[in-house]
>>> print(open('structure34.txt').read())   # compact mmCIF, C-alpha atoms
# COMPACT_ATOMS: atom_id res chain seq x y z
CA MET A 1 -31.33 8.74 -19.28
CA ALA A 2 -31.90 8.07 -22.96
CA THR A 3 -35.39 7.11 -24.07
CA ARG A 4 -36.33 5.12 -27.15
CA LEU A 5 -37.63 7.14 -30.08
CA ASP A 6 -41.13 6.14 -31.08
CA ASP A 7 -42.02 5.37 -34.70
CA ALA A 8 -42.96 8.93 -35.59
CA GLN A 9 -39.85 10.40 -33.98
CA ARG A 10 -37.68 7.83 -35.73
CA ALA A 11 -39.22 8.59 -39.10
CA ASP A 12 -38.73 12.33 -38.59
CA ALA A 13 -35.16 11.83 -37.48
CA LEU A 14 -34.27 9.67 -40.47
CA ALA A 15 -35.84 12.13 -42.86
CA ALA A 16 -33.44 14.72 -41.49
CA LEU A 17 -30.44 12.39 -41.84
CA PRO A 18 -30.43 11.46 -45.54
CA ASP A 19 -26.92 9.96 -45.40
CA TRP A 20 -27.97 7.36 -42.85
CA SER A 21 -30.09 4.27 -43.35
CA LEU A 22 -31.80 1.81 -41.08
CA VAL A 23 -29.91 -1.42 -40.53
CA GLU A 24 -31.80 -4.57 -41.53
CA ASN A 25 -33.28 -6.65 -38.73
CA ARG A 26 -32.12 -4.24 -36.06
CA GLU A 27 -33.21 -0.87 -34.79
CA ALA A 28 -30.00 0.94 -35.65
CA ILE A 29 -28.74 3.42 -38.24
CA ALA A 30 -25.62 3.18 -40.35
CA ARG A 31 -23.50 5.29 -42.63
CA THR A 32 -20.38 4.57 -44.66
CA ILE A 33 -17.90 7.40 -45.13
CA THR A 34 -14.93 7.44 -47.47
CA PHE A 35 -11.93 9.70 -46.89
CA LYS A 36 -8.90 10.70 -48.90
CA ASP A 37 -6.65 8.27 -47.06
CA PHE A 38 -6.14 6.54 -43.73
CA ARG A 39 -4.82 9.72 -42.14
CA HIS A 40 -8.04 11.57 -42.75
CA ALA A 41 -10.15 8.58 -41.75
CA TRP A 42 -8.21 8.35 -38.50
CA ALA A 43 -8.53 12.07 -37.75
CA PHE A 44 -12.28 11.71 -38.21
CA MET A 45 -12.35 8.68 -35.91
CA SER A 46 -10.39 10.66 -33.33
CA LYS A 47 -13.09 13.32 -33.27
CA VAL A 48 -15.82 10.72 -32.98
CA ALA A 49 -13.93 8.96 -30.18
CA LEU A 50 -13.76 12.17 -28.14
CA LEU A 51 -17.45 12.82 -28.58
CA ALA A 52 -18.37 9.21 -27.85
CA GLU A 53 -16.47 9.23 -24.58
CA LYS A 54 -17.99 12.57 -23.64
CA LEU A 55 -21.54 11.35 -24.29
CA ASN A 56 -20.72 7.90 -22.93
CA HIS A 57 -22.28 6.65 -26.14
CA HIS A 58 -19.96 4.65 -28.35
CA PRO A 59 -20.39 3.68 -31.98
CA GLU A 60 -20.00 0.25 -33.52
CA TRP A 61 -17.58 0.97 -36.30
CA PHE A 62 -15.44 -0.73 -38.87
CA ASN A 63 -12.46 0.77 -40.65
CA VAL A 64 -10.25 -0.30 -43.47
CA TRP A 65 -7.81 2.28 -44.80
CA ASN A 66 -9.89 5.26 -46.03
CA ARG A 67 -13.32 3.81 -45.25
CA VAL A 68 -15.30 3.99 -42.04
CA ASP A 69 -18.64 2.22 -41.51
CA VAL A 70 -20.48 3.58 -38.48
CA THR A 71 -23.51 1.95 -36.85
CA LEU A 72 -25.39 3.74 -34.10
CA ALA A 73 -27.88 2.34 -31.62
CA THR A 74 -28.62 2.77 -27.93
CA HIS A 75 -28.27 -0.63 -26.33
CA ASP A 76 -29.88 0.48 -23.06
CA VAL A 77 -33.17 1.30 -24.74
CA GLY A 78 -33.11 -1.48 -27.34
CA GLY A 79 -33.34 0.93 -30.24
CA LEU A 80 -32.59 4.48 -31.23
CA SER A 81 -32.46 7.47 -28.91
CA GLU A 82 -31.64 11.14 -29.08
CA LEU A 83 -28.00 10.20 -28.39
CA ASP A 84 -27.80 8.44 -31.75
CA LEU A 85 -29.21 11.48 -33.51
CA LYS A 86 -26.76 13.76 -31.76
CA MET A 87 -23.87 11.53 -32.76
CA ALA A 88 -25.14 11.15 -36.34
CA ARG A 89 -25.45 14.92 -36.75
CA ALA A 90 -21.93 15.50 -35.45
CA ILE A 91 -20.58 12.81 -37.77
CA ASP A 92 -22.32 14.44 -40.73
CA THR A 93 -20.56 17.69 -39.85
CA TRP A 94 -17.18 15.97 -39.94
CA ALA A 95 -17.69 13.82 -43.04
CA PRO A 96 -16.04 15.17 -46.20
CA MET B 1 7.60 -5.47 -51.74
CA ALA B 2 5.63 -7.97 -49.69
CA THR B 3 5.51 -11.57 -50.91
CA ARG B 4 2.84 -14.14 -50.15
CA LEU B 5 3.72 -16.70 -47.51
CA ASP B 6 3.61 -20.25 -48.83
CA ASP B 7 1.71 -23.00 -47.01
CA ALA B 8 4.63 -24.08 -44.83
CA GLN B 9 5.51 -20.50 -43.88
CA ARG B 10 1.89 -19.76 -43.06
CA ALA B 11 1.60 -22.85 -40.87
CA ASP B 12 4.78 -21.93 -39.01
CA ALA B 13 3.66 -18.36 -38.55
CA LEU B 14 0.27 -19.35 -37.18
CA ALA B 15 1.81 -21.84 -34.78
CA ALA B 16 3.78 -18.91 -33.35
CA LEU B 17 0.68 -16.72 -33.06
CA PRO B 18 -1.70 -18.76 -30.88
CA ASP B 19 -4.08 -15.84 -30.29
CA TRP B 20 -4.80 -15.47 -33.99
CA SER B 21 -6.90 -17.72 -36.22
CA LEU B 22 -7.42 -18.07 -39.92
CA VAL B 23 -10.53 -16.38 -41.26
CA GLU B 24 -12.96 -18.71 -43.03
CA ASN B 25 -13.01 -18.55 -46.80
CA ARG B 26 -10.24 -15.98 -46.94
CA GLU B 27 -6.50 -16.01 -46.52
CA ALA B 28 -6.41 -13.66 -43.54
CA ILE B 29 -5.87 -13.87 -39.80
CA ALA B 30 -8.02 -12.41 -37.06
CA ARG B 31 -7.95 -11.75 -33.36
CA THR B 32 -10.47 -10.27 -30.94
CA ILE B 33 -9.14 -8.27 -28.01
CA THR B 34 -11.11 -7.04 -25.02
CA PHE B 35 -9.97 -4.08 -22.94
CA LYS B 36 -11.00 -2.57 -19.63
CA ASP B 37 -13.01 0.17 -21.31
CA PHE B 38 -13.21 2.30 -24.45
CA ARG B 39 -10.31 4.46 -23.31
CA HIS B 40 -7.93 1.55 -23.24
CA ALA B 41 -9.30 0.13 -26.49
CA TRP B 42 -8.75 3.50 -28.14
CA ALA B 43 -5.21 3.87 -26.79
CA PHE B 44 -4.44 0.45 -28.27
CA MET B 45 -5.98 1.46 -31.59
CA SER B 46 -3.88 4.62 -31.57
CA LYS B 47 -0.71 2.56 -31.33
CA VAL B 48 -1.85 0.26 -34.11
CA ALA B 49 -2.76 3.26 -36.28
CA LEU B 50 0.75 4.70 -35.95
CA LEU B 51 2.35 1.39 -36.86
CA ALA B 52 -0.07 0.79 -39.74
CA GLU B 53 0.72 4.16 -41.26
CA LYS B 54 4.45 3.61 -40.80
CA LEU B 55 4.33 0.20 -42.50
CA ASN B 56 1.74 1.41 -45.00
CA HIS B 57 -0.16 -1.70 -44.02
CA HIS B 58 -3.57 -1.09 -42.51
CA PRO B 59 -5.80 -3.46 -40.59
CA GLU B 60 -9.46 -4.18 -41.17
CA TRP B 61 -10.86 -3.61 -37.74
CA PHE B 62 -14.10 -3.31 -35.88
CA ASN B 63 -14.61 -1.69 -32.50
CA VAL B 64 -17.46 -1.41 -30.10
CA TRP B 65 -16.70 0.04 -26.68
CA ASN B 66 -14.01 -2.16 -25.09
CA ARG B 67 -13.74 -4.70 -27.90
CA VAL B 68 -11.55 -4.61 -30.97
CA ASP B 69 -11.68 -7.25 -33.75
CA VAL B 70 -8.62 -7.07 -35.99
CA THR B 71 -8.27 -8.82 -39.35
CA LEU B 72 -4.97 -8.80 -41.18
CA ALA B 73 -4.22 -9.64 -44.80
CA THR B 74 -2.04 -8.24 -47.55
CA HIS B 75 -4.32 -7.28 -50.40
CA ASP B 76 -1.46 -6.79 -52.85
CA VAL B 77 -0.39 -10.41 -52.60
CA GLY B 78 -3.85 -11.94 -52.21
CA GLY B 79 -3.00 -13.53 -48.90
CA LEU B 80 -0.68 -13.24 -45.93
CA SER B 81 2.77 -11.71 -45.96
CA GLU B 82 5.51 -10.89 -43.48
CA LEU B 83 3.78 -7.52 -42.94
CA ASP B 84 0.81 -9.26 -41.37
CA LEU B 85 3.05 -11.22 -39.06
CA LYS B 86 4.91 -8.09 -38.04
CA MET B 87 1.64 -6.33 -37.29
CA ALA B 88 0.22 -9.35 -35.43
CA ARG B 89 3.31 -9.62 -33.23
CA ALA B 90 3.17 -5.93 -32.35
CA ILE B 91 -0.54 -6.21 -31.55
CA ASP B 92 0.14 -9.17 -29.26
CA THR B 93 2.65 -7.04 -27.38
CA TRP B 94 0.04 -4.33 -26.83
CA ALA B 95 -2.91 -6.57 -25.94
CA PRO B 96 -3.69 -6.83 -22.22
CA MET C 1 -18.84 23.91 -10.93
CA ALA C 2 -15.22 23.54 -9.83
CA THR C 3 -14.10 25.37 -6.70
CA ARG C 4 -10.57 26.44 -5.82
CA LEU C 5 -8.77 24.24 -3.32
CA ASP C 6 -7.75 26.15 -0.21
CA ASP C 7 -4.19 25.97 1.15
CA ALA C 8 -4.80 22.97 3.39
CA GLN C 9 -6.60 21.03 0.66
CA ARG C 10 -3.84 21.83 -1.80
CA ALA C 11 -1.16 20.68 0.61
CA ASP C 12 -3.02 17.43 1.28
CA ALA C 13 -3.57 16.83 -2.40
CA LEU C 14 0.08 17.39 -3.29
CA ALA C 15 1.23 15.09 -0.51
CA ALA C 16 -0.85 12.36 -2.16
CA LEU C 17 0.61 13.09 -5.61
CA PRO C 18 4.37 12.70 -5.11
CA ASP C 19 5.11 12.67 -8.86
CA TRP C 20 3.66 16.14 -9.30
CA SER C 21 5.13 19.45 -8.28
CA LEU C 22 3.87 23.01 -8.01
CA VAL C 23 4.75 25.22 -10.94
CA GLU C 24 6.75 28.33 -10.01
CA ASN C 25 4.86 31.61 -9.97
CA ARG C 26 1.55 29.97 -10.82
CA GLU C 27 -1.00 27.90 -9.00
CA ALA C 28 -0.66 24.81 -11.14
CA ILE C 29 0.86 21.35 -10.91
CA ALA C 30 3.15 19.64 -13.39
CA ARG C 31 4.63 16.26 -14.14
CA THR C 32 7.02 15.00 -16.81
CA ILE C 33 6.56 11.45 -18.05
CA THR C 34 8.94 9.50 -20.25
CA PHE C 35 7.78 6.60 -22.38
CA LYS C 36 9.48 3.88 -24.39
CA ASP C 37 8.92 5.71 -27.66
CA PHE C 38 6.56 8.09 -29.42
CA ARG C 39 3.98 5.35 -29.94
CA HIS C 40 3.57 4.80 -26.24
CA ALA C 41 3.63 8.52 -25.50
CA TRP C 42 0.89 9.04 -28.07
CA ALA C 43 -1.26 6.19 -26.72
CA PHE C 44 -1.00 7.81 -23.30
CA MET C 45 -1.95 11.18 -24.73
CA SER C 46 -4.94 9.57 -26.45
CA LYS C 47 -6.25 8.34 -23.11
CA VAL C 48 -5.72 11.74 -21.52
CA ALA C 49 -7.46 13.44 -24.45
CA LEU C 50 -10.57 11.27 -23.99
CA LEU C 51 -10.71 12.00 -20.29
CA ALA C 52 -10.04 15.71 -20.79
CA GLU C 53 -12.90 16.02 -23.24
CA LYS C 54 -15.20 14.04 -20.96
CA LEU C 55 -14.41 16.25 -17.96
CA ASN C 56 -14.26 19.36 -20.14
CA HIS C 57 -10.96 19.99 -18.42
CA HIS C 58 -7.97 20.10 -20.73
CA PRO C 59 -4.28 19.92 -19.86
CA GLU C 60 -1.53 22.21 -21.01
CA TRP C 61 0.95 19.75 -22.40
CA PHE C 62 4.14 19.54 -24.35
CA ASN C 63 5.44 16.51 -26.20
CA VAL C 64 8.62 15.66 -27.98
CA TRP C 65 9.07 12.06 -29.06
CA ASN C 66 8.86 9.91 -25.91
CA ARG C 67 8.43 12.72 -23.42
CA VAL C 68 5.24 14.39 -22.24
CA ASP C 69 5.16 17.38 -19.86
CA VAL C 70 1.71 17.92 -18.39
CA THR C 71 0.58 21.03 -16.51
CA LEU C 72 -2.78 21.12 -14.79
CA ALA C 73 -4.73 24.09 -13.51
CA THR C 74 -8.35 25.21 -13.49
CA HIS C 75 -8.48 28.54 -15.28
CA ASP C 76 -12.05 29.26 -14.16
CA VAL C 77 -11.08 29.28 -10.50
CA GLY C 78 -7.63 30.82 -10.90
CA GLY C 79 -5.90 27.87 -9.27
CA LEU C 80 -6.29 24.19 -8.57
CA SER C 81 -9.57 22.33 -8.21
CA GLU C 82 -10.75 18.79 -7.70
CA LEU C 83 -10.74 18.42 -11.51
CA ASP C 84 -6.95 18.76 -11.54
CA LEU C 85 -6.60 16.11 -8.87
CA LYS C 86 -8.88 13.77 -10.75
CA MET C 87 -6.89 14.25 -13.91
CA ALA C 88 -3.56 13.89 -12.09
CA ARG C 89 -4.63 10.63 -10.46
CA ALA C 90 -5.77 9.18 -13.79
CA ILE C 91 -2.49 10.23 -15.42
CA ASP C 92 -0.54 8.53 -12.64
CA THR C 93 -2.45 5.32 -13.35
CA TRP C 94 -1.45 5.48 -17.02
CA ALA C 95 2.18 6.51 -16.58
CA PRO C 96 4.70 3.69 -16.95
CA MET D 1 19.65 10.53 -44.22
CA ALA D 2 18.58 14.14 -43.72
CA THR D 3 21.07 16.87 -44.53
CA ARG D 4 21.15 20.37 -43.08
CA LEU D 5 19.75 23.09 -45.30
CA ASP D 6 22.32 25.75 -46.08
CA ASP D 7 21.54 29.46 -45.65
CA ALA D 8 20.19 29.96 -49.16
CA GLN D 9 18.02 26.85 -49.00
CA ARG D 10 16.69 27.89 -45.61
CA ALA D 11 15.85 31.37 -46.84
CA ASP D 12 14.04 29.96 -49.87
CA ALA D 13 12.16 27.47 -47.75
CA LEU D 14 11.01 30.10 -45.26
CA ALA D 15 9.88 32.40 -48.04
CA ALA D 16 7.59 29.60 -49.18
CA LEU D 17 6.24 29.01 -45.66
CA PRO D 18 4.83 32.40 -44.64
CA ASP D 19 2.97 30.98 -41.62
CA TRP D 20 6.18 29.76 -40.04
CA SER D 21 8.92 31.77 -38.37
CA LEU D 22 12.43 31.08 -37.18
CA VAL D 23 12.75 30.40 -33.49
CA GLU D 24 15.08 32.75 -31.61
CA ASN D 25 18.49 31.41 -30.70
CA ARG D 26 17.86 28.07 -32.36
CA GLU D 27 17.78 26.79 -35.90
CA ALA D 28 14.15 25.69 -35.86
CA ILE D 29 10.82 26.90 -37.24
CA ALA D 30 7.56 27.34 -35.39
CA ARG D 31 3.92 27.96 -36.05
CA THR D 32 0.92 28.44 -33.79
CA ILE D 33 -2.43 27.16 -34.99
CA THR D 34 -5.81 27.84 -33.43
CA PHE D 35 -8.77 25.52 -33.95
CA LYS D 36 -12.46 25.68 -33.23
CA ASP D 37 -12.15 23.57 -30.11
CA PHE D 38 -10.09 20.79 -28.56
CA ARG D 39 -11.74 18.17 -30.75
CA HIS D 40 -10.49 19.79 -33.91
CA ALA D 41 -7.06 20.48 -32.41
CA TRP D 42 -6.80 16.82 -31.44
CA ALA D 43 -7.89 15.57 -34.86
CA PHE D 44 -5.16 17.74 -36.37
CA MET D 45 -2.62 16.39 -33.91
CA SER D 46 -3.69 12.85 -34.80
CA LYS D 47 -2.86 13.48 -38.44
CA VAL D 48 0.50 15.01 -37.55
CA ALA D 49 1.25 12.06 -35.24
CA LEU D 50 0.68 9.57 -38.07
CA LEU D 51 2.92 11.50 -40.44
CA ALA D 52 5.60 12.01 -37.78
CA GLU D 53 5.78 8.31 -37.05
CA LYS D 54 5.87 7.50 -40.75
CA LEU D 55 8.73 9.93 -41.40
CA ASN D 56 10.35 9.07 -38.08
CA HIS D 57 10.50 12.81 -37.57
CA HIS D 58 8.60 14.08 -34.56
CA PRO D 59 7.56 17.61 -33.72
CA GLU D 60 8.08 19.46 -30.48
CA TRP D 61 4.59 20.62 -29.75
CA PHE D 62 2.50 22.24 -27.08
CA ASN D 63 -1.27 22.13 -26.82
CA VAL D 64 -3.83 23.78 -24.63
CA TRP D 65 -7.45 23.32 -25.62
CA ASN D 66 -7.85 24.74 -29.14
CA ARG D 67 -4.28 25.91 -29.62
CA VAL D 68 -1.31 23.97 -30.93
CA ASP D 69 2.25 25.38 -31.06
CA VAL D 70 4.48 23.31 -33.33
CA THR D 71 8.27 23.60 -33.48
CA LEU D 72 10.22 21.72 -36.11
CA ALA D 73 13.93 20.96 -36.27
CA THR D 74 16.09 18.01 -37.20
CA HIS D 75 18.17 17.14 -34.18
CA ASP D 76 20.46 14.80 -36.12
CA VAL D 77 21.71 17.60 -38.35
CA GLY D 78 21.65 20.37 -35.76
CA GLY D 79 19.30 22.51 -37.80
CA LEU D 80 16.65 22.33 -40.46
CA SER D 81 16.35 19.67 -43.12
CA GLU D 82 14.01 18.71 -45.91
CA LEU D 83 12.06 16.65 -43.34
CA ASP D 84 11.04 19.81 -41.52
CA LEU D 85 9.84 21.39 -44.73
CA LYS D 86 7.86 18.30 -45.63
CA MET D 87 6.22 18.30 -42.21
CA ALA D 88 5.57 22.06 -42.31
CA ARG D 89 3.90 21.81 -45.71
CA ALA D 90 1.66 18.97 -44.56
CA ILE D 91 0.73 20.90 -41.42
CA ASP D 92 -0.17 23.94 -43.53
CA THR D 93 -2.52 21.74 -45.53
CA TRP D 94 -4.29 20.62 -42.37
CA ALA D 95 -4.47 23.96 -40.58
CA PRO D 96 -7.84 25.72 -40.76
>>> encode(input="structure34.txt", output="structure tokens")
Amino acid sequence: MATRLDDAQRADALAALPDWSLVENREAIARTITFKDFRHAWAFMSKVALLAEKLNHHPEWFNVWNRVDVTLATHDVGGLSELDLKMARAIDTWAP
Amino acid sequence: MATRLDDAQRADALAALPDWSLVENREAIARTITFKDFRHAWAFMSKVALLAEKLNHHPEWFNVWNRVDVTLATHDVGGLSELDLKMARAIDTWAP
Amino acid sequence: MATRLDDAQRADALAALPDWSLVENREAIARTITFKDFRHAWAFMSKVALLAEKLNHHPEWFNVWNRVDVTLATHDVGGLSELDLKMARAIDTWAP
Amino acid sequence: MATRLDDAQRADALAALPDWSLVENREAIARTITFKDFRHAWAFMSKVALLAEKLNHHPEWFNVWNRVDVTLATHDVGGLSELDLKMARAIDTWAP
């Protein structure tokens, strides 16, 4: 079961994820990633989809052509959990 | 080359697409579709992705778990074109 | 940990999976599925991919256009396990 | 419409595609690619799927976990065509 990160854990986590920022008025993190074209954006999304289903932890995401906006939060805990950090780190690995 | 639908064409097209609605303050159409789970949402998105790449006409879309919000517009013409209608009809075929 | 089905379990399982057959000279099951076109074949494969990654149990599969040949076996146990049955049942649900 | 490469064109093309080899007893080319894991294999396949649908030219391919075997031929011309070379070059770009 995921547990909600406390303030110190959240601050530490964000410091280690410089490409992500806190969403306004919500305890969630977001990152926008731009790819070469739709094909590369979609290949990235395909990797994220596989991981999301494996973790049973799905992103909120928006795509238009080569751009993907990803927002991560753990609805069950009403904030951020280790699952979001795990997902964010994997996404950083796959971003160009 | 896509051409912009005129007012009469747009009205006719929308009348034939009852699941879609005009987006406020933009010449674009949108539909929200809910699936059984992420797996089915993703399979749907995979079909749309293949068609989008084939037509070179990509949706603006948002997904969270079993829900997909699709917005269609033709940026080149500053409004709606036959490409959007083609995409919308295909999407209707694949929606549950 | 997966365990190998014994002869009786395997016979029972196959009786309940009439669309699958034993592969010659190997303890594995296989099914060929034909779709309307590549798009539908690919959407099916996308669902299977998500499940495979979730179960950490991946098919051996071949695709050409609208046809998908799937072979299932559990390499760790040198034969068939409950994981193959689970995968086969899900695939049957998604086949046309 | 695709046209069949003649012997000289085929020889030139293969010389420029060192990772591909002629299939025995068939006029087709093949390459095996190994990825880090299924996730990366699937992301690659997702890119190929988009291009295949766009070109209306689909591979014969086999996958098991991190390995993808791709065979390319143009059935309409009973051999190899420029479409196969285009696909092979794209695949080479996406292989690790």
>>> atom_distance(input="structure34.txt", atom1="atom CA of Pro96 of chain C", atom2="atom CA of Leu80 of chain C")
24.7 Å
>>> residues_around(input="structure34.txt", residues="segment 12-26 of chain C", least_positions_apart="6", cutoff="12 Å", atoms="all atoms listed in the file", output="ChimeraX atom specification")
/C:5-6,32-33,69-75,78-93,95
>>> closest_atom_pairs(input="structure34.txt", of="chain A", to="chain C", cutoff="9 Å", atoms="all atoms listed in the file", output="JSON lines")
{"residue": "A:Ser46", "atom": "CA", "partner": "C:Ser46", "partner_atom": "CA", "distance": 8.8}
{"residue": "A:Ala49", "atom": "CA", "partner": "C:Leu50", "partner_atom": "CA", "distance": 7.4}
{"residue": "A:Leu50", "atom": "CA", "partner": "C:Leu50", "partner_atom": "CA", "distance": 5.3}
{"residue": "A:Leu51", "atom": "CA", "partner": "C:Glu53", "partner_atom": "CA", "distance": 7.7}
{"residue": "A:Ala52", "atom": "CA", "partner": "C:Leu50", "partner_atom": "CA", "distance": 8.9}
{"residue": "A:Glu53", "atom": "CA", "partner": "C:Lys54", "partner_atom": "CA", "distance": 6.2}
{"residue": "A:Lys54", "atom": "CA", "partner": "C:Lys54", "partner_atom": "CA", "distance": 4.1}
{"residue": "A:Leu55", "atom": "CA", "partner": "C:Lys54", "partner_atom": "CA", "distance": 7.6}
{"residue": "A:Asn56", "atom": "CA", "partner": "C:Lys54", "partner_atom": "CA", "distance": 8.5}
>>> atom_distance(input="structure34.txt", atom1="atom CA of Glu60 of chain C", atom2="atom CA of Asp76 of chain D")
27.7 Å
>>> atom_distance(input="structure34.txt", atom1="atom CA of Val68 of chain B", atom2="atom CA of Ile29 of chain A")
20.3 Å
>>> residues_near_point(input="structure34.txt", point="(-11.7, 17.8, -32.8)", cutoff="9 Å", atoms="only C-alpha atoms", output="VMD selection string")
(chain A and resid 43 to 44 46 to 48 50 to 51) or (chain D and resid 35 to 44 66)
>>> closest_residue(input="structure34.txt", among="A:Met45, A:Ala8, A:Met1, A:Val77", to="Trp61 of chain A", atoms="all atoms listed in the file")
A:Met45
>>> build_atoms(input="structure34.txt", residues="segment 63-75 of chain C", atoms="N, CA, C and O atoms", output="compact mmCIF listing (two decimals), keeping the file's coordinate frame")
# COMPACT_ATOMS: atom_id res chain seq x y z
N ASN C 63 4.89 17.83 -25.86
CA ASN C 63 5.44 16.51 -26.20
C ASN C 63 6.59 16.65 -27.18
O ASN C 63 6.53 17.45 -28.11
N VAL C 64 7.62 15.89 -26.94
CA VAL C 64 8.62 15.66 -27.98
C VAL C 64 9.03 14.20 -27.88
O VAL C 64 9.44 13.73 -26.83
N TRP C 65 8.82 13.50 -28.95
CA TRP C 65 9.07 12.06 -29.06
C TRP C 65 8.50 11.28 -27.86
O TRP C 65 7.29 11.12 -27.80
N ASN C 66 9.35 10.80 -26.98
CA ASN C 66 8.86 9.91 -25.91
C ASN C 66 8.56 10.64 -24.60
O ASN C 66 8.31 9.99 -23.59
N ARG C 67 8.60 11.96 -24.65
CA ARG C 67 8.43 12.72 -23.42
C ARG C 67 7.17 13.57 -23.45
O ARG C 67 6.86 14.21 -24.46
N VAL C 68 6.44 13.56 -22.35
CA VAL C 68 5.24 14.39 -22.24
C VAL C 68 5.33 15.19 -20.94
O VAL C 68 5.52 14.61 -19.86
N ASP C 69 5.24 16.51 -21.04
CA ASP C 69 5.16 17.38 -19.86
C ASP C 69 3.71 17.82 -19.73
O ASP C 69 3.17 18.45 -20.65
N VAL C 70 3.11 17.54 -18.60
CA VAL C 70 1.71 17.92 -18.39
C VAL C 70 1.62 18.96 -17.29
O VAL C 70 2.22 18.80 -16.23
N THR C 71 0.87 20.02 -17.54
CA THR C 71 0.58 21.03 -16.51
C THR C 71 -0.93 21.11 -16.33
O THR C 71 -1.67 21.17 -17.32
N LEU C 72 -1.34 21.09 -15.09
CA LEU C 72 -2.78 21.12 -14.79
C LEU C 72 -3.13 22.32 -13.93
O LEU C 72 -2.45 22.61 -12.94
N ALA C 73 -4.19 22.98 -14.30
CA ALA C 73 -4.73 24.09 -13.51
C ALA C 73 -6.18 24.29 -13.96
O ALA C 73 -6.57 23.83 -15.03
N THR C 74 -6.95 24.95 -13.14
CA THR C 74 -8.35 25.21 -13.49
C THR C 74 -8.50 26.71 -13.70
O THR C 74 -8.57 27.49 -12.75
N HIS C 75 -8.51 27.11 -14.97
CA HIS C 75 -8.48 28.54 -15.28
C HIS C 75 -9.67 29.27 -14.67
O HIS C 75 -9.53 30.38 -14.17
